Amino acid sequence: MTVTIDESLLRRMARDAAVYGLTRPWAIVMWVALAACLVLSFLTLGAGTADDSGSAGWLPLATIGLGVVAVVATVSGARRAVRAATPPGTVVWARLEADTLQIGADRRVSDIRYREFEGIRVGRDAVILRIRNSSAITVVPRVLLTDDDIARLRLSVA
């Protein structure tokens with residue numbers, strides 16, 4: 001089976017990749033730190049310890065702003081990465097072999113051994129495979145893999 005990447009699929013795959021990025025362990029630490037800063041800034045405001053200049057009043061807004069910047073940067077980066085790998089119009093296919101995953105995009109073909117993958121996350125529109133000992137991921141359109149393929153990948157990647 002093949003699929004031609006269009007703008008809609010690209011955006012949906014990028015969304016899945018962004019959700020993956022925003023829920024990684026380092027991102028969760030960031031969210032906890034931002035939540036702690038937000039709580040602390042509200043407590044500071046409520047305790048009346050703010051000086052007369054009102055600078056403490058900006059702390060909650062700045063904390064929320066940092067969270068928004070993190071989301072926007074992650075979504076933008078995911079879109080850029082997915083677009084670079086599979087621009088609109090690219091014909092993509094995937095095939096599971098005995099010990100490799102073959103992924104084709106137009107004339108390019110990659111054979112990746114299952115042992116090269118460290119983890120798998122299945123989104124609504126993308127299957128995200130984390131490369132072992134790396135922060136890199138491989139994003140495959142979900143439509144290309146059956147539920148049995150995904151079960152096989154999960155067993156092979158584990």
# chains A, B, ... in the order shown; residues from 1 in each chain; ligands from 1
call {"tool": "select_by_dssp", "arguments": {"residues": "segment 95-148 of chain A", "states": "strand (DSSP E or B)", "output": "PyMOL selection string"}}
result
chain A and resi 95-96+100-105+108-113+117-122+126-131+137-141
call {"tool": "write_last_selection", "arguments": {"atoms": "C-alpha atoms", "output": "mmCIF file, in the first residue's frame"}}
result
data_model
loop_
_atom_site.group_PDB
_atom_site.id
_atom_site.type_symbol
_atom_site.label_atom_id
_atom_site.label_comp_id
_atom_site.auth_asym_id
_atom_site.auth_seq_id
_atom_site.Cartn_x
_atom_site.Cartn_y
_atom_site.Cartn_z
ATOM 1 C CA ARG A 95 6.832 -2.857 4.550
ATOM 2 C CA LEU A 96 7.762 -5.064 7.486
ATOM 3 C CA THR A 100 13.810 -4.749 9.123
ATOM 4 C CA LEU A 101 11.301 -2.045 8.450
ATOM 5 C CA GLN A 102 11.478 -0.799 4.880
ATOM 6 C CA ILE A 103 10.251 2.725 4.295
ATOM 7 C CA GLY A 104 10.077 4.275 0.860
ATOM 8 C CA ALA A 105 9.541 7.901 -0.047
ATOM 9 C CA ARG A 108 14.442 6.774 -1.584
ATOM 10 C CA VAL A 109 14.264 3.507 0.352
ATOM 11 C CA SER A 110 15.436 2.967 3.921
ATOM 12 C CA ASP A 111 16.002 -0.455 5.488
ATOM 13 C CA ILE A 112 16.076 -0.025 9.251
ATOM 14 C CA ARG A 113 16.697 -2.998 11.517
ATOM 15 C CA PHE A 117 14.487 1.374 17.330
ATOM 16 C CA GLU A 118 14.144 2.059 21.025
ATOM 17 C CA GLY A 119 10.439 2.774 21.281
ATOM 18 C CA ILE A 120 7.203 3.158 19.393
ATOM 19 C CA ARG A 121 4.225 5.455 19.857
ATOM 20 C CA VAL A 122 1.125 5.190 17.733
ATOM 21 C CA ALA A 126 1.461 8.756 12.539
ATOM 22 C CA VAL A 127 3.512 5.936 13.966
ATOM 23 C CA ILE A 128 6.548 7.379 15.712
ATOM 24 C CA LEU A 129 9.624 5.205 16.108
ATOM 25 C CA ARG A 130 12.397 6.477 18.380
ATOM 26 C CA ILE A 131 15.922 5.684 17.168
ATOM 27 C CA ILE A 137 12.573 9.731 15.427
ATOM 28 C CA THR A 138 11.119 8.191 12.292
ATOM 29 C CA VAL A 139 7.541 9.149 11.446
ATOM 30 C CA VAL A 140 5.472 6.780 9.305
ATOM 31 C CA PRO A 141 1.903 7.508 8.180
#
call {"tool": "closest_residue", "arguments": {"among": "A:Ala33, A:Val39, A:Leu153, A:Val69", "to": "Glu97 of chain A", "atoms": "only C-alpha atoms"}}
result
A:Leu153
call {"tool": "select_by_dssp", "arguments": {"residues": "chain A", "states": "helix (DSSP H, G or I)", "output": "number ranges by chain"}}
result
A: 7-22, 25-46, 55-85, 114-116, 142-144, 147-157
call {"tool": "atom_distance", "arguments": {"atom1": "atom CA of Tyr114 of chain A", "atom2": "atom CA of Ala151 of chain A"}}
result
13.0 Å
call {"tool": "closest_residue", "arguments": {"among": "A:Leu155, A:Val29, A:Ile150, A:Leu144", "to": "Met1 of chain A", "atoms": "only C-alpha atoms"}}
result
A:Leu144
call {"tool": "closest_residue", "arguments": {"among": "A:Val143, A:Cys37, A:Leu61, A:Ala73", "to": "Val92 of chain A", "atoms": "only C-alpha atoms"}}
result
A:Val143
call {"tool": "closest_residue", "arguments": {"among": "A:Gly77, A:Pro87, A:Arg142, A:Arg107", "to": "Gly123 of chain A", "atoms": "only C-alpha atoms"}}
result
A:Arg142
call {"tool": "closest_residue", "arguments": {"among": "A:Ile28, A:Val75, A:Asp125, A:Pro60", "to": "Leu43 of chain A", "atoms": "only C-alpha atoms"}}
result
A:Pro60
call {"tool": "residues_around", "arguments": {"residues": "Gly21 of chain A", "least_positions_apart": "3", "cutoff": "9 Å", "atoms": "only C-alpha atoms", "output": "CSV table (one decimal) with all heavy atoms, in the first residue's frame"}}
result
chain,number,residue,atom,x,y,z
A,16,ASP,N,0.9,14.7,15.6
A,16,ASP,CA,1.2,13.5,16.4
A,16,ASP,C,2.7,13.6,16.9
A,16,ASP,O,3.0,13.3,18.0
A,16,ASP,CB,1.0,12.2,15.6
A,16,ASP,CG,-0.5,11.9,15.5
A,16,ASP,OD1,-1.3,12.5,16.2
A,16,ASP,OD2,-0.8,11.0,14.7
A,17,ALA,N,3.6,14.1,16.0
A,17,ALA,CA,5.0,14.2,16.4
A,17,ALA,C,5.1,15.3,17.5
A,17,ALA,O,6.0,15.1,18.4
A,17,ALA,CB,5.8,14.5,15.2
A,18,ALA,N,4.4,16.4,17.4
A,18,ALA,CA,4.5,17.4,18.4
A,18,ALA,C,3.9,16.9,19.7
A,18,ALA,O,4.6,17.2,20.8
A,18,ALA,CB,3.7,18.6,17.9
A,24,ARG,N,7.4,14.0,26.2
A,24,ARG,CA,8.7,13.3,26.5
A,24,ARG,C,9.1,13.6,27.9
A,24,ARG,O,8.6,14.6,28.5
A,24,ARG,CB,9.8,13.7,25.5
A,24,ARG,CG,9.5,13.5,24.1
A,24,ARG,CD,9.6,12.0,23.7
A,24,ARG,NE,10.8,11.4,24.1
A,24,ARG,CZ,10.9,10.2,24.7
A,24,ARG,NH1,9.8,9.5,24.9
A,24,ARG,NH2,12.0,9.8,25.1
A,27,ALA,N,10.2,17.1,28.6
A,27,ALA,CA,9.1,18.0,28.4
A,27,ALA,C,8.2,18.0,29.7
A,27,ALA,O,7.7,19.1,30.1
A,27,ALA,CB,8.3,17.7,27.2
A,74,THR,N,7.6,23.7,19.4
A,74,THR,CA,7.6,22.3,19.2
A,74,THR,C,6.7,21.9,18.0
A,74,THR,O,7.1,21.1,17.1
A,74,THR,CB,7.0,21.5,20.5
A,74,THR,OG1,7.9,21.8,21.6
A,74,THR,CG2,7.0,20.0,20.2
A,75,VAL,N,5.6,22.5,17.9
A,75,VAL,CA,4.7,22.3,16.7
A,75,VAL,C,5.4,22.7,15.4
A,75,VAL,O,5.4,22.0,14.4
A,75,VAL,CB,3.3,22.9,16.9
A,75,VAL,CG1,2.5,22.9,15.6
A,75,VAL,CG2,2.5,22.3,18.0
A,78,ALA,N,8.2,20.3,14.6
A,78,ALA,CA,7.6,19.0,14.1
A,78,ALA,C,7.1,19.2,12.6
A,78,ALA,O,7.4,18.3,11.8
A,78,ALA,CB,6.5,18.6,15.0
call {"tool": "atom_distance", "arguments": {"atom1": "atom CA of Ala98 of chain A", "atom2": "atom CA of Arg132 of chain A"}}
result
19.1 Å
call {"tool": "decode", "arguments": {"residues": "segment 98-113 of chain A", "atoms": "all heavy atoms", "output": "CSV table (one decimal), in the first residue's frame"}}
result
chain,number,residue,atom,x,y,z
A,98,ALA,N,11.4,-9.6,7.8
A,98,ALA,CA,11.8,-10.4,8.9
A,98,ALA,C,12.5,-9.7,10.1
A,98,ALA,O,12.1,-9.8,11.2
A,98,ALA,CB,12.6,-11.6,8.5
A,99,ASP,N,13.5,-8.9,9.7
A,99,ASP,CA,14.2,-8.1,10.8
A,99,ASP,C,14.4,-6.7,10.5
A,99,ASP,O,15.2,-6.0,11.2
A,99,ASP,CB,15.5,-8.8,11.1
A,99,ASP,CG,16.4,-8.8,9.9
A,99,ASP,OD1,16.0,-8.6,8.8
A,99,ASP,OD2,17.6,-9.1,10.1
A,100,THR,N,13.7,-6.2,9.5
A,100,THR,CA,13.8,-4.7,9.1
A,100,THR,C,12.5,-4.1,8.8
A,100,THR,O,11.5,-4.8,8.4
A,100,THR,CB,14.7,-4.5,7.9
A,100,THR,OG1,14.2,-5.2,6.8
A,100,THR,CG2,16.1,-5.0,8.2
A,101,LEU,N,12.4,-2.8,8.9
A,101,LEU,CA,11.3,-2.0,8.5
A,101,LEU,C,11.8,-1.3,7.2
A,101,LEU,O,12.8,-0.6,7.3
A,101,LEU,CB,10.9,-1.0,9.5
A,101,LEU,CG,9.8,0.0,9.1
A,101,LEU,CD1,8.5,-0.6,8.7
A,101,LEU,CD2,9.6,1.0,10.2
A,102,GLN,N,11.1,-1.5,6.1
A,102,GLN,CA,11.5,-0.8,4.9
A,102,GLN,C,10.5,0.4,4.7
A,102,GLN,O,9.3,0.2,4.8
A,102,GLN,CB,11.4,-1.7,3.7
A,102,GLN,CG,12.5,-2.7,3.5
A,102,GLN,CD,12.4,-3.4,2.2
A,102,GLN,OE1,11.3,-3.6,1.6
A,102,GLN,NE2,13.5,-3.9,1.7
A,103,ILE,N,11.1,1.5,4.5
A,103,ILE,CA,10.3,2.7,4.3
A,103,ILE,C,10.7,3.4,3.0
A,103,ILE,O,11.9,3.6,2.8
A,103,ILE,CB,10.4,3.7,5.4
A,103,ILE,CG1,10.1,3.1,6.8
A,103,ILE,CG2,9.5,5.0,5.2
A,103,ILE,CD1,10.5,3.9,8.0
A,104,GLY,N,9.8,3.6,2.1
A,104,GLY,CA,10.1,4.3,0.9
A,104,GLY,C,9.4,5.6,0.7
A,104,GLY,O,8.2,5.8,1.2
A,105,ALA,N,10.1,6.6,0.2
A,105,ALA,CA,9.5,7.9,0.0
A,105,ALA,C,10.0,8.3,-1.4
A,105,ALA,O,11.2,8.6,-1.6
A,105,ALA,CB,10.0,8.9,1.0
A,106,ASP,N,9.1,8.3,-2.4
A,106,ASP,CA,9.5,8.5,-3.8
A,106,ASP,C,10.6,7.5,-4.2
A,106,ASP,O,10.3,6.3,-4.1
A,106,ASP,CB,9.9,9.9,-4.1
A,106,ASP,CG,8.7,10.9,-4.1
A,106,ASP,OD1,7.6,10.4,-4.3
A,106,ASP,OD2,8.9,12.1,-3.9
A,107,ARG,N,11.7,7.9,-4.6
A,107,ARG,CA,12.8,7.0,-5.0
A,107,ARG,C,13.7,6.5,-3.9
A,107,ARG,O,14.6,5.7,-4.1
A,107,ARG,CB,13.6,7.6,-6.1
A,107,ARG,CG,12.7,7.8,-7.4
A,107,ARG,CD,13.5,8.3,-8.5
A,107,ARG,NE,12.6,8.6,-9.6
A,107,ARG,CZ,12.9,9.3,-10.6
A,107,ARG,NH1,14.1,9.9,-10.7
A,107,ARG,NH2,12.1,9.5,-11.6
A,108,ARG,N,13.6,7.1,-2.7
A,108,ARG,CA,14.4,6.8,-1.6
A,108,ARG,C,13.8,5.6,-0.8
A,108,ARG,O,12.6,5.5,-0.6
A,108,ARG,CB,14.6,7.9,-0.6
A,108,ARG,CG,15.1,9.2,-1.2
A,108,ARG,CD,15.2,10.3,-0.2
A,108,ARG,NE,14.0,10.5,0.6
A,108,ARG,CZ,13.1,11.4,0.5
A,108,ARG,NH1,13.2,12.3,-0.5
A,108,ARG,NH2,12.0,11.4,1.3
A,109,VAL,N,14.7,4.7,-0.4
A,109,VAL,CA,14.3,3.5,0.4
A,109,VAL,C,15.2,3.4,1.5
A,109,VAL,O,16.4,3.4,1.4
A,109,VAL,CB,14.3,2.2,-0.5
A,109,VAL,CG1,13.9,1.0,0.4
A,109,VAL,CG2,13.3,2.3,-1.7
A,110,SER,N,14.6,3.2,2.7
A,110,SER,CA,15.4,3.0,3.9
A,110,SER,C,15.1,1.6,4.5
A,110,SER,O,13.9,1.2,4.6
A,110,SER,CB,15.1,4.0,5.0
A,110,SER,OG,15.5,5.3,4.6
A,111,ASP,N,16.1,0.8,4.8
A,111,ASP,CA,16.0,-0.5,5.5
A,111,ASP,C,16.5,-0.2,6.9
A,111,ASP,O,17.7,0.0,7.1
A,111,ASP,CB,16.8,-1.5,4.8
A,111,ASP,CG,16.1,-2.2,3.7
A,111,ASP,OD1,14.9,-2.5,3.9
A,111,ASP,OD2,16.8,-2.5,2.7
A,112,ILE,N,15.7,-0.3,7.9
A,112,ILE,CA,16.1,0.0,9.3
A,112,ILE,C,15.8,-1.3,10.1
A,112,ILE,O,14.7,-1.7,10.2
A,112,ILE,CB,15.3,1.2,9.8
A,112,ILE,CG1,15.4,2.4,8.9
A,112,ILE,CG2,15.9,1.5,11.2
A,112,ILE,CD1,14.5,3.5,9.3
A,113,ARG,N,16.9,-1.8,10.7
A,113,ARG,CA,16.7,-3.0,11.5
A,113,ARG,C,15.9,-2.6,12.7
A,113,ARG,O,16.0,-1.6,13.3
A,113,ARG,CB,18.0,-3.5,11.9
A,113,ARG,CG,18.8,-4.1,10.8
A,113,ARG,CD,20.1,-4.9,11.3
A,113,ARG,NE,20.8,-5.4,10.2
A,113,ARG,CZ,20.4,-6.6,9.6
A,113,ARG,NH1,19.4,-7.2,10.0
A,113,ARG,NH2,21.1,-7.1,8.6
